[in-house]
$ cat structure_7.csv   # CSV, C-alpha atoms and all ligand atoms
chain,number,residue,atom,x,y,z
S,298,MET,CA,43.0,-0.3,4.5
S,299,LYS,CA,44.1,-0.5,0.9
S,300,HIS,CA,45.0,-4.2,1.4
S,301,GLU,CA,41.5,-4.9,2.7
S,302,ILE,CA,39.9,-3.1,-0.3
S,303,THR,CA,42.0,-5.2,-2.7
S,304,ASN,CA,41.0,-8.3,-0.9
S,305,GLN,CA,37.4,-7.3,-1.0
S,306,ARG,CA,37.6,-6.7,-4.8
S,307,GLU,CA,39.3,-10.1,-5.3
S,308,ASP,CA,36.7,-11.8,-3.2
S,309,ASN,CA,33.8,-10.2,-5.0
S,310,MET,CA,35.4,-11.3,-8.3
S,311,LEU,CA,35.5,-14.8,-6.9
S,312,GLY,CA,31.8,-14.6,-6.1
S,313,ASN,CA,32.4,-14.4,-2.3
S,314,ASN,CA,30.3,-12.0,-0.3
S,315,ILE,CA,31.9,-9.8,2.2
S,316,CYS,CA,30.7,-10.0,5.8
S,317,ALA,CA,28.0,-7.4,6.5
S,318,PHE,CA,29.4,-6.7,9.9
S,319,CYS,CA,33.2,-6.4,9.7
S,320,GLY,CA,33.1,-5.4,6.0
S,321,HIS,CA,36.4,-7.1,5.2
S,322,ARG,CA,36.4,-10.9,5.8
S,323,VAL,CA,34.6,-13.4,3.5
S,324,ALA,CA,31.0,-14.1,4.6
S,325,ASN,CA,31.5,-17.8,5.1
S,326,LYS,CA,29.1,-18.5,8.0
S,327,LYS,CA,26.1,-20.8,7.4
S,328,ASN,CA,23.0,-20.7,9.5
S,329,THR,CA,23.6,-17.4,11.3
S,330,HIS,CA,20.4,-16.6,13.2
S,331,TYR,CA,19.3,-13.0,12.8
S,332,LEU,CA,16.9,-13.7,15.7
S,333,THR,CA,18.7,-15.5,18.5
S,334,ASP,CA,17.8,-19.2,18.5
S,335,MET,CA,17.5,-19.6,22.3
S,336,ILE,CA,14.7,-17.1,22.4
S,337,ILE,CA,12.6,-18.2,19.4
S,338,ARG,CA,13.2,-22.0,19.5
S,339,LYS,CA,10.5,-22.7,22.1
S,340,CYS,CA,8.0,-21.0,19.9
S,341,LEU,CA,8.8,-22.8,16.7
S,342,ASN,CA,9.2,-26.2,18.2
S,343,ASP,CA,6.6,-28.9,18.4
S,344,GLU,CA,4.9,-28.7,21.9
S,345,GLY,CA,7.1,-25.8,23.0
S,346,CYS,CA,10.2,-28.0,23.7
S,347,ASN,CA,13.7,-26.6,23.6
S,348,THR,CA,15.4,-29.2,21.4
S,349,ARG,CA,17.1,-28.3,18.2
S,350,GLU,CA,15.6,-29.6,14.9
S,351,LYS,CA,12.2,-30.0,16.3
S,352,GLY,CA,10.7,-27.0,14.5
S,353,SER,CA,7.1,-27.3,13.3
S,354,TYR,CA,5.5,-24.0,12.5
S,355,TYR,CA,3.5,-21.9,10.0
S,356,VAL,CA,4.9,-18.9,8.0
S,357,ILE,CA,2.1,-16.4,7.1
S,358,SER,CA,2.9,-14.4,4.0
S,359,SER,CA,0.6,-11.5,3.5
S,360,HIS,CA,2.7,-10.7,0.4
S,361,ASN,CA,1.5,-13.7,-1.6
S,362,ASN,CA,-1.6,-14.5,0.5
S,363,SER,CA,-0.6,-17.9,1.6
S,364,VAL,CA,0.5,-19.8,4.7
S,365,CYS,CA,3.3,-22.3,4.4
S,366,TYR,CA,3.9,-25.2,6.9
S,367,HIS,CA,7.6,-25.8,7.8
S,368,TYR,CA,9.0,-28.6,9.8
S,369,GLN,CA,12.5,-29.9,10.7
S,370,ARG,CA,14.3,-33.2,10.8
S,371,GLU,CA,13.2,-34.4,14.2
S,372,VAL,CA,9.5,-33.9,13.8
S,373,SER,CA,7.8,-37.3,13.4
S,374,SER,CA,6.1,-38.1,10.1
S,375,LYS,CA,3.0,-39.0,12.1
S,376,ILE,CA,2.7,-35.5,13.6
S,377,ILE,CA,3.2,-34.0,10.2
S,378,GLU,CA,0.5,-36.1,8.7
S,379,GLU,CA,-1.9,-35.2,11.5
S,380,ILE,CA,-1.3,-31.5,10.9
S,381,ILE,CA,-1.4,-31.4,7.1
S,382,GLY,CA,-3.7,-34.3,6.4
S,383,ARG,CA,-1.4,-36.0,3.9
S,384,THR,CA,2.2,-37.0,3.4
S,385,THR,CA,4.7,-34.3,2.6
S,386,THR,CA,5.8,-33.3,-0.9
S,387,ASP,CA,9.3,-33.5,-2.3
S,388,LYS,CA,9.5,-29.7,-2.2
S,389,GLU,CA,8.6,-29.6,1.5
S,390,ASN,CA,11.1,-32.3,2.2
S,391,GLN,CA,13.8,-30.3,0.5
S,392,GLN,CA,13.1,-27.4,2.9
S,393,GLU,CA,13.1,-29.8,5.9
S,394,GLY,CA,16.6,-29.1,7.2
S,395,LYS,CA,16.4,-25.3,6.7
S,396,ILE,CA,16.9,-23.4,9.9
S,397,PRO,CA,14.2,-20.7,10.4
S,398,PHE,CA,15.2,-17.0,10.8
S,399,SER,CA,18.8,-17.7,9.8
S,400,VAL,CA,20.9,-16.8,6.8
S,401,ASP,CA,23.9,-18.3,5.0
S,402,ASP,CA,26.9,-16.3,3.8
S,403,VAL,CA,26.0,-12.9,5.1
S,404,PHE,CA,28.4,-12.8,8.1
S,405,CYS,CA,31.8,-14.3,8.8
S,406,SER,CA,32.6,-17.0,11.4
S,407,ASP,CA,34.8,-14.6,13.3
S,408,CYS,CA,32.1,-12.0,13.8
S,409,GLU,CA,29.6,-14.7,14.7
S,410,LYS,CA,31.9,-16.3,17.3
S,411,ASN,CA,33.7,-13.3,18.8
S,412,ILE,CA,30.9,-10.7,18.8
S,413,PHE,CA,27.3,-12.0,18.3
S,414,THR,CA,27.8,-15.2,20.4
S,415,ASN,CA,29.5,-13.2,23.3
S,416,ILE,CA,26.6,-10.7,23.4
S,417,GLU,CA,24.1,-13.6,23.4
S,418,LYS,CA,26.0,-15.4,26.2
S,419,ASP,CA,26.0,-12.3,28.3
S,420,PHE,CA,22.2,-12.0,27.9
S,421,SER,CA,21.6,-15.7,28.6
S,422,ASN,CA,23.8,-15.7,31.7
S,423,CYS,CA,22.8,-12.4,33.2
S,424,ILE,CA,19.4,-11.3,31.9
S,425,LEU,CA,17.4,-14.3,30.8
S,426,PRO,CA,17.4,-15.9,34.3
S,427,LYS,CA,15.3,-13.0,35.5
S,428,PHE,CA,12.6,-14.0,33.0
S,429,ARG,CA,10.7,-17.1,31.9
S,430,LYS,CA,10.1,-19.4,35.0
S,431,SER,CA,11.6,-16.8,37.4
S,432,THR,CA,9.2,-14.0,36.6
S,433,PRO,CA,6.7,-13.7,39.5
S,434,HIS,CA,3.2,-14.3,38.1
S,435,GLN,CA,1.7,-11.0,39.2
S,436,ALA,CA,4.9,-8.9,38.3
S,437,LYS,CA,4.1,-5.8,36.3
S,438,GLU,CA,7.7,-5.1,35.4
S,439,VAL,CA,11.3,-6.4,35.8
S,440,ILE,CA,13.9,-3.8,36.6
S,441,ILE,CA,17.4,-4.2,35.1
S,442,SER,CA,20.2,-2.2,36.6
S,443,GLY,CA,24.0,-1.6,36.6
S,444,THR,CA,26.1,-3.2,33.9
S,445,ASP,CA,23.2,-5.5,33.0
S,446,ILE,CA,21.5,-2.7,31.2
S,447,SER,CA,24.2,-2.5,28.5
S,448,LYS,CA,24.0,-6.3,28.2
S,449,LEU,CA,20.3,-6.2,27.6
S,450,ARG,CA,20.5,-3.3,25.2
S,451,LEU,CA,23.3,-4.8,23.1
S,452,PHE,CA,21.4,-8.1,22.9
S,453,PHE,CA,18.4,-6.4,21.4
S,454,TYR,CA,20.6,-4.2,19.2
S,455,ILE,CA,22.0,-7.3,17.5
S,456,GLN,CA,18.5,-8.6,16.8
S,457,LEU,CA,17.5,-5.2,15.3
S,458,TRP,CA,20.6,-4.7,13.3
S,459,ARG,CA,20.9,-8.2,11.9
S,460,SER,CA,17.2,-8.3,11.0
S,461,CYS,CA,17.7,-5.0,9.2
S,462,VAL,CA,20.8,-6.1,7.3
S,463,CYS,CA,19.0,-9.4,6.3
S,464,GLY,CA,16.2,-7.3,4.8
S,465,LYS,CA,13.5,-8.3,7.4
S,466,LEU,CA,13.2,-4.9,9.1
S,467,SER,CA,13.5,-1.5,7.6
S,468,LEU,CA,15.4,0.9,10.0
S,469,PRO,CA,16.5,4.4,9.0
S,470,ASP,CA,20.2,4.4,7.9
S,471,SER,CA,21.3,6.6,10.8
S,472,LEU,CA,19.8,4.3,13.4
S,473,GLN,CA,21.3,1.3,11.6
S,474,GLN,CA,24.8,2.9,11.6
S,475,LYS,CA,24.5,3.8,15.3
S,476,LEU,CA,23.6,0.2,16.2
S,477,HIS,CA,26.5,-1.1,14.2
S,478,THR,CA,28.9,1.1,16.0
S,479,PHE,CA,27.6,0.1,19.4
S,480,ILE,CA,27.8,-3.6,18.6
S,481,LEU,CA,31.3,-3.1,17.2
S,482,ASN,CA,32.4,-1.5,20.6
S,483,TYR,CA,30.4,-3.9,22.7
S,484,LYS,CA,33.3,-4.6,25.1
S,485,ASN,CA,33.6,-0.9,26.1
S,486,PRO,CA,30.1,0.5,25.6
S,487,THR,CA,29.9,4.3,25.8
S,488,ASP,CA,27.0,6.3,27.4
S,489,GLU,CA,25.7,6.9,23.9
S,490,ILE,CA,24.1,3.4,23.8
S,491,TYR,CA,21.5,4.7,26.3
S,492,ASP,CA,20.4,7.3,23.8
S,493,ILE,CA,18.3,5.0,21.7
S,494,PRO,CA,14.7,4.9,22.9
S,495,LEU,CA,13.9,1.2,23.5
S,496,SER,CA,10.9,-0.7,25.0
S,497,ILE,CA,11.1,-4.4,25.8
S,498,THR,CA,8.0,-6.3,26.8
S,499,TYR,CA,8.0,-9.7,28.3
S,500,LEU,CA,4.9,-11.9,27.5
S,501,GLU,CA,4.6,-14.3,30.4
S,502,THR,CA,4.1,-17.8,29.0
S,503,ARG,CA,3.4,-20.2,31.9
S,504,LYS,CA,3.0,-23.6,30.1
S,505,ASP,CA,5.6,-25.0,27.8
S,506,GLU,CA,3.1,-26.0,25.2
S,507,ASP,CA,1.7,-22.5,25.0
S,508,TYR,CA,5.0,-21.2,23.5
S,509,THR,CA,4.0,-22.6,20.1
S,510,GLY,CA,1.1,-20.1,20.1
S,511,ASN,CA,3.5,-17.1,20.5
S,512,ILE,CA,4.6,-15.0,17.5
S,513,VAL,CA,7.9,-14.6,15.7
S,514,THR,CA,7.6,-11.9,13.1
S,515,PHE,CA,8.4,-8.3,12.3
S,516,GLY,CA,6.1,-5.4,12.8
S,517,THR,CA,4.9,-3.1,10.0
S,518,THR,CA,5.0,0.2,11.9
S,519,CYS,CA,7.7,2.8,11.9
S,520,ASN,CA,8.6,4.5,15.3
S,521,PRO,CA,8.2,2.0,16.9
S,522,TYR,CA,10.0,-0.5,14.7
S,523,VAL,CA,9.0,-3.8,16.2
S,524,ILE,CA,10.2,-7.4,16.5
S,525,PHE,CA,8.0,-10.1,18.0
S,526,MET,CA,10.4,-12.8,19.2
S,527,ASN,CA,8.4,-15.3,21.1
S,528,ASP,CA,8.0,-14.1,24.7
S,529,PHE,CA,9.9,-10.9,24.1
S,530,VAL,CA,8.7,-7.9,22.1
S,531,VAL,CA,11.2,-5.3,21.0
S,532,GLN,CA,10.2,-1.7,20.1
S,533,VAL,CA,12.7,0.9,19.1
S,534,TYR,CA,12.5,4.5,17.9
S,535,ASP,CA,15.0,6.6,16.0
S,536,SER,CA,14.3,9.5,18.3
S,537,LEU,CA,11.8,10.5,21.0
S,538,GLU,CA,10.3,13.3,18.8
S,539,ASN,CA,9.2,10.7,16.3
S,540,LYS,CA,7.5,8.3,18.7
S,541,HIS,CA,3.8,7.8,18.5
S,542,PHE,CA,1.4,5.7,20.5
S,543,CYS,CA,0.7,2.4,18.9
S,544,GLU,CA,-1.5,-0.1,20.7
S,545,LEU,CA,0.2,-3.1,19.1
S,546,TYR,CA,-2.6,-5.6,19.7
S,547,GLY,CA,-2.8,-4.5,23.4
S,548,ILE,CA,0.9,-4.7,24.2
S,549,ASN,CA,1.0,-0.9,24.8
S,550,GLU,CA,-1.3,1.1,27.0
S,551,GLU,CA,-1.7,4.8,26.8
S,552,SER,CA,-1.4,5.2,30.5
S,553,SER,CA,2.0,3.5,30.8
S,554,PHE,CA,3.3,3.9,27.3
S,555,ASP,CA,6.0,6.6,28.1
S,556,GLN,CA,7.2,5.0,31.3
S,557,TYR,CA,8.4,1.9,29.4
S,558,ILE,CA,10.3,3.8,26.7
S,559,ASN,CA,13.8,3.6,28.2
S,560,VAL,CA,16.2,6.4,27.2
S,561,GLY,CA,19.2,7.7,29.2
S,562,GLU,CA,18.1,5.4,32.0
S,563,ASN,CA,19.7,4.4,35.3
S,564,GLU,CA,17.3,1.5,35.6
S,565,PHE,CA,15.8,-0.3,32.5
S,566,ARG,CA,12.1,-1.1,33.0
S,567,VAL,CA,10.9,-4.2,31.1
S,568,LYS,CA,7.1,-4.3,31.0
S,569,VAL,CA,5.6,-7.7,31.9
S,570,VAL,CA,2.3,-8.8,30.4
S,571,ASN,CA,0.7,-11.6,32.3
S,572,ASP,CA,-0.3,-15.0,30.7
S,573,GLU,CA,-4.0,-14.2,30.4
S,574,LYS,CA,-3.3,-10.8,28.6
S,575,ARG,CA,-0.7,-12.5,26.4
S,576,LYS,CA,-3.4,-14.8,25.0
S,577,ILE,CA,-5.7,-11.8,24.2
S,578,ILE,CA,-2.8,-10.1,22.4
S,579,ILE,CA,-2.1,-13.2,20.3
S,580,GLU,CA,-5.8,-13.5,19.5
S,581,ASN,CA,-5.9,-9.8,18.4
S,582,PHE,CA,-2.8,-10.4,16.2
S,583,MET,CA,-4.3,-13.6,14.6
S,584,ARG,CA,-7.6,-11.8,13.9
S,585,GLU,CA,-5.8,-9.0,12.1
S,586,GLN,CA,-3.8,-11.5,10.1
S,587,ALA,CA,-6.9,-13.4,9.1
S,588,GLU,CA,-8.6,-10.1,8.0
S,589,ILE,CA,-5.6,-9.2,5.8
S,590,PHE,CA,-5.5,-12.7,4.4
S,591,ARG,CA,-9.2,-12.6,3.6
S,592,TYR,CA,-8.9,-9.3,1.8
S,593,GLY,CA,-6.0,-10.5,-0.3
S,594,LEU,CA,-7.8,-13.8,-1.1
S,595,GLN,CA,-10.9,-11.9,-2.1
S,596,ASP,CA,-8.9,-9.8,-4.5
S,597,ILE,CA,-7.4,-13.0,-6.2
S,598,PHE,CA,-10.9,-14.5,-6.3
S,599,ILE,CA,-12.2,-11.5,-8.2
S,600,ARG,CA,-9.3,-11.6,-10.6
S,601,VAL,CA,-9.8,-15.3,-11.3
S,602,SER,CA,-13.5,-14.7,-12.0
S,603,LEU,CA,-12.6,-11.8,-14.4
S,604,TYR,CA,-10.0,-14.1,-16.1
S,605,PHE,CA,-12.5,-16.9,-16.8
S,606,PHE,CA,-15.8,-15.1,-17.3
S,607,GLY,CA,-15.0,-11.4,-17.8
S,608,HIS,CA,-17.3,-10.4,-15.0
S,609,LEU,CA,-17.3,-10.0,-11.2
S,610,PRO,CA,-18.3,-13.0,-9.0
S,611,GLU,CA,-21.8,-13.1,-7.5
S,612,PRO,CA,-22.0,-11.6,-4.0
S,613,ASN,CA,-22.3,-15.0,-2.2
S,614,GLN,CA,-19.7,-16.8,-4.2
S,615,PHE,CA,-16.7,-15.8,-2.2
S,616,ASP,CA,-18.3,-17.0,1.1
S,617,GLU,CA,-19.1,-20.3,-0.6
S,618,PHE,CA,-15.5,-20.6,-1.7
S,619,MET,CA,-14.2,-19.9,1.8
S,620,ILE,CA,-16.4,-22.7,3.2
S,621,ARG,CA,-14.7,-25.1,0.7
S,622,ILE,CA,-11.3,-24.0,1.8
S,623,ASN,CA,-12.1,-24.2,5.5
S,624,ASN,CA,-13.1,-27.8,5.2
S,625,LYS,CA,-9.6,-28.8,4.2
S,626,PRO,CA,-7.1,-30.1,6.8
S,627,ILE,CA,-5.7,-27.2,8.8
S,628,GLY,CA,-2.1,-27.4,7.6
S,629,ILE,CA,-2.8,-27.1,3.9
S,630,ARG,CA,-5.9,-25.0,4.1
S,631,TYR,CA,-4.2,-21.8,3.2
S,632,SER,CA,-1.2,-23.0,1.3
S,633,LYS,CA,-0.6,-21.3,-2.0
S,634,SER,CA,-0.9,-24.5,-4.1
S,635,GLU,CA,-4.1,-25.6,-2.4
S,636,ILE,CA,-5.8,-22.2,-2.8
S,637,VAL,CA,-4.9,-22.1,-6.5
S,638,LYS,CA,-6.1,-25.6,-7.0
S,639,GLU,CA,-9.4,-24.9,-5.3
S,640,LEU,CA,-9.9,-21.7,-7.3
S,641,TYR,CA,-9.4,-23.6,-10.5
S,642,ASN,CA,-11.8,-26.4,-9.4
S,643,TYR,CA,-14.4,-23.9,-8.2
S,644,PHE,CA,-14.6,-21.8,-11.4
S,645,THR,CA,-14.1,-24.6,-14.0
S,646,GLY,CA,-15.5,-27.7,-12.3
S,647,ARG,CA,-12.4,-29.5,-13.5
S,648,VAL,CA,-9.8,-31.2,-11.3
S,649,PHE,CA,-6.6,-31.1,-13.3
S,650,VAL,CA,-5.0,-27.7,-13.0
S,651,PRO,CA,-2.7,-26.6,-15.9
S,652,SER,CA,0.7,-25.5,-14.6
S,653,ASN,CA,0.5,-22.1,-16.2
S,654,PHE,CA,-2.5,-21.3,-14.1
S,655,PHE,CA,-0.3,-21.5,-10.9
S,656,VAL,CA,2.0,-18.9,-12.4
S,657,LYS,CA,-0.8,-16.4,-13.2
S,658,PHE,CA,-2.2,-16.2,-9.7
B,1,ZN,ZN,32.8,-10.4,9.9

$ encode --input "structure_7.csv" --output "structure tokens"
Amino acid sequence: MKHEITNQREDNMLGNNICAFCGHRVANKKNTHYLTDMIIRKCLNDEGCNTREKGSYYVISSHNNSVCYHYQREVSSKIIEEIIGRTTTDKENQQEGKIPFSVDDVFCSDCEKNIFTNIEKDFSNCILPKFRKSTPHQAKEVIISGTDISKLRLFFYIQLWRSCVCGKLSLPDSLQQKLHTFILNYKNPTDEIYDIPLSITYLETRKDEDYTGNIVTFGTTCNPYVIFMNDFVVQVYDSLENKHFCELYGINEESSFDQYINVGENEFRVKVVNDEKRKIIIENFMREQAEIFRYGLQDIFIRVSLYFFGHLPEPNQFDEFMIRINNKPIGIRYSKSEIVKELYNYFTGRVFVPSNFFVKF
């Protein structure tokens, strides 16, 4: 133990991070997915295909009110130009190879290879074949039983725990520690792993090209704490007492909410949402995102008006501005740089935007 602490100190002095999972080896692993690649790839890829490096997707940031377009190596420049209405910038090209929902130097290669990958393999061999093309169209649920339950739970535990450690999801410390212990002992799971209240929803996606319309993101609620990972939605609670009904864009229904919270179960019930309902859920999500985005943009619009003229904009001015933005090609319409440029043009009538203006807003 002492030896490990000494190593850790030396490694920290050398500027090496220590693996967030084992806590003693150097975090040397590049491109560790905190959301498992085989689940999210079809959503991020061009036309819903399953090939690596074909990622083409938008990242919505309600934090800075913008949408960024990301793409990977194998997406053709013709497709990119069709989407964003122009050739790509140097900055965008620099990001090209970056793998989405992954981190560098947070975990070590041993933990990745001997623990995360094994749990993912168990899921892909034993659980995933019950979903996707195999799920009957009218199925309301899929029942998981026997030793498959711990494989399913552990798989979703690594998604939750890694996302939390990578700062994407905020779980209470006690829950985070329990998940860490369960993952550490994944070869010999104890009955305690069934104590965590967990709901998994499968969103049936019948056509390959429809996968790109699915969502990969993290929820903003607590109890449930939520991860949307393409056709699977994960909801976890730190305890049953703290659970509350949350509609979650139509994923949960009051009448069946409790029956899909699995805790101490003999059979794990995965709720299946059919393809038609999935589309409505995604529409509900996108509508909410658009509203949040619009509120944020309106706030910036007011601040820019105050900055230039010292008074609030006229009531119809924001709608006028939104029409200008909406006439831009879809891929750059809501990008941060485009919005700032349009704001400057709109208020000053000038085309050239001084660089300090980008920093201010
Ligand atoms: Zn490690």

$ closest_atom_pairs --input "structure_7.csv" --of "chain S" --to "ligand ZN 1 (chain B)" --cutoff "12 Å" --atoms "only C-alpha atoms and all ligand atoms" --output "tab-separated table"
residue	atom	partner	partner_atom	distance
S:Asn314	CA	B:ZN1	ZN	10.6
S:Ile315	CA	B:ZN1	ZN	7.8
S:Cys316	CA	B:ZN1	ZN	4.6
S:Ala317	CA	B:ZN1	ZN	6.6
S:Phe318	CA	B:ZN1	ZN	5.0
S:Cys319	CA	B:ZN1	ZN	4.0
S:Gly320	CA	B:ZN1	ZN	6.3
S:His321	CA	B:ZN1	ZN	6.8
S:Arg322	CA	B:ZN1	ZN	5.5
S:Val323	CA	B:ZN1	ZN	7.3
S:Ala324	CA	B:ZN1	ZN	6.7
S:Asn325	CA	B:ZN1	ZN	8.9
S:Lys326	CA	B:ZN1	ZN	9.1
S:Thr329	CA	B:ZN1	ZN	11.6
S:Asp402	CA	B:ZN1	ZN	10.3
S:Val403	CA	B:ZN1	ZN	8.7
S:Phe404	CA	B:ZN1	ZN	5.3
S:Cys405	CA	B:ZN1	ZN	4.2
S:Ser406	CA	B:ZN1	ZN	6.8
S:Asp407	CA	B:ZN1	ZN	5.8
S:Cys408	CA	B:ZN1	ZN	4.3
S:Glu409	CA	B:ZN1	ZN	7.2
S:Lys410	CA	B:ZN1	ZN	9.5
S:Asn411	CA	B:ZN1	ZN	9.4
S:Ile412	CA	B:ZN1	ZN	9.1
S:Phe413	CA	B:ZN1	ZN	10.2
S:Leu481	CA	B:ZN1	ZN	10.4

$ closest_atom_pairs --input "structure_7.csv" --of "region 460-502 of chain S" --to "region 537-546 of chain S" --cutoff "12 Å" --atoms "only C-alpha atoms" --output "JSON lines"
{"residue": "S:Asp492", "atom": "CA", "partner": "S:Leu537", "partner_atom": "CA", "distance": 9.6}
{"residue": "S:Ile493", "atom": "CA", "partner": "S:Leu537", "partner_atom": "CA", "distance": 8.5}
{"residue": "S:Pro494", "atom": "CA", "partner": "S:Leu537", "partner_atom": "CA", "distance": 6.6}
{"residue": "S:Leu495", "atom": "CA", "partner": "S:Leu537", "partner_atom": "CA", "distance": 9.9}
{"residue": "S:Ser496", "atom": "CA", "partner": "S:Lys540", "partner_atom": "CA", "distance": 11.5}
{"residue": "S:Thr498", "atom": "CA", "partner": "S:Leu545", "partner_atom": "CA", "distance": 11.4}

$ atom_distance --input "structure_7.csv" --atom1 "CA of Ile440 (chain S)" --atom2 "CA of Phe582 (chain S)"
27.2 Å
